[in-house]
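Here is the structure we will look at.
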Amino acid sequence: MKRILVLLSTIFFLSSCSKGPFKQLSKVSYETSRDTGHEGNAKILKGIINRQLLESDTAFKWFNDNFKNAQPDANAIEAFVKNKGKFSLVVFGGTWCHDTQNLLPTFYKLIDKSGFPANKVFLIGVDRAKTTSFKLHTKYRITNVPTFIAVDNAGNELGRVIEYGKTGTPDKELGEIVSRIQ
């Protein structure tokens with residue numbers, strides 16, 4: 001019976017929102033667990049999360065610490081400023097993942113410095129198996145985290161940067177994707 005209620009709630013949630021291609025990403029909805037056998041009992045958020053959760057929870061001290069020293073690429077900032085009304089960002093990360101802990105704060109510094117609208121950033125937490133709620137990991141073909149995906153306003157993918165990207169500067173690579181938007 002409980003499974004049926006969860007399934008019906010999920011179906012209702014997915015069908016009741018009305019925000020175009022990002023309707024299922026618009027409401028914070030996540031599960032919390034602990035990874036008791038690894039890295040000091042890491043707290044894992046799985047599902048649709050947001051920046052405020054990371055900033056306010058002492059379990060994610062890494063976010064504020066790494067945000068302070070983040071220096072996003074100047075050309076990426078410029079590209080985001082120029083095209084901010086033309087795209088959204090879907091970001092998959094693991095609160096347990098060192099790459100996410102290093103790169104997500106720089107990403108958010110880029111968001112802040114460019115004045116990119118917070119309501120156009122959709123942050124999704126994955127567990128260690130890189131799965132998440134509503135099978136979003138399948139829909140977006142997630143294999144590694146963090147993954148930063150730029151999508152146009154119709155929901156079509158413009159490009160993605162996985163982990164450190166090809167050059168080791170994911171913010172710069174994301175800026176290059178955004179700079180090609182017409």
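Residue numbering restarts at 1 in every chain; chains get A, B, ... in the order shown in the structure tokens, and ligands count up from 1 in that same order.
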Against range 61-83 of chain A, which residues of range 115-159 of chain A fall within 12 Å? For each one I want the closest pair of atoms and the distance in Å (one decimal), counting only C-alpha atoms, rows by chain and increasing residue number, as a Markdown table.
| residue | atom | partner | partner_atom | distance |
| --- | --- | --- | --- | --- |
| A:Gly115 | CA | A:Val81 | CA | 6.8 |
| A:Phe116 | CA | A:Phe80 | CA | 6.8 |
| A:Pro117 | CA | A:Phe80 | CA | 10.2 |
| A:Lys120 | CA | A:Phe80 | CA | 11.9 |
| A:Ala150 | CA | A:Phe80 | CA | 10.9 |
| A:Val151 | CA | A:Asn83 | CA | 11.9 |
| A:Asp152 | CA | A:Asn83 | CA | 10.5 |
| A:Asn153 | CA | A:Asn83 | CA | 11.5 |
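Proximity to Gln52 in chain A was assessed for A:Leu174, A:Leu25, A:Ala118, A:Ile149 counting only C-alpha atoms; the smallest distance is recorded for A:Ala118.
The nearest approach to Asn156 in chain A among the residues A:Ser88, A:Ser114, A:Asn144, A:Ser29, with only C-alpha atoms taken into account, belongs to A:Ser88.
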Identify all residues of range 47-111 of chain A in strand (DSSP E) (DSSP on the backbone) and supply them as a ChimeraX atom specification. /A:47-49,87-93
Could you tell me which of A:Arg160, A:Arg128, A:Lys135, A:Lys84 comes closest to Lys43 in chain A if we count only C-alpha atoms? A:Arg128
Using only C-alpha atoms, the best pick from A:Phe87, A:Glu55, A:Pro105, A:Phe92 as closest to Tyr140 in chain A would be A:Phe92
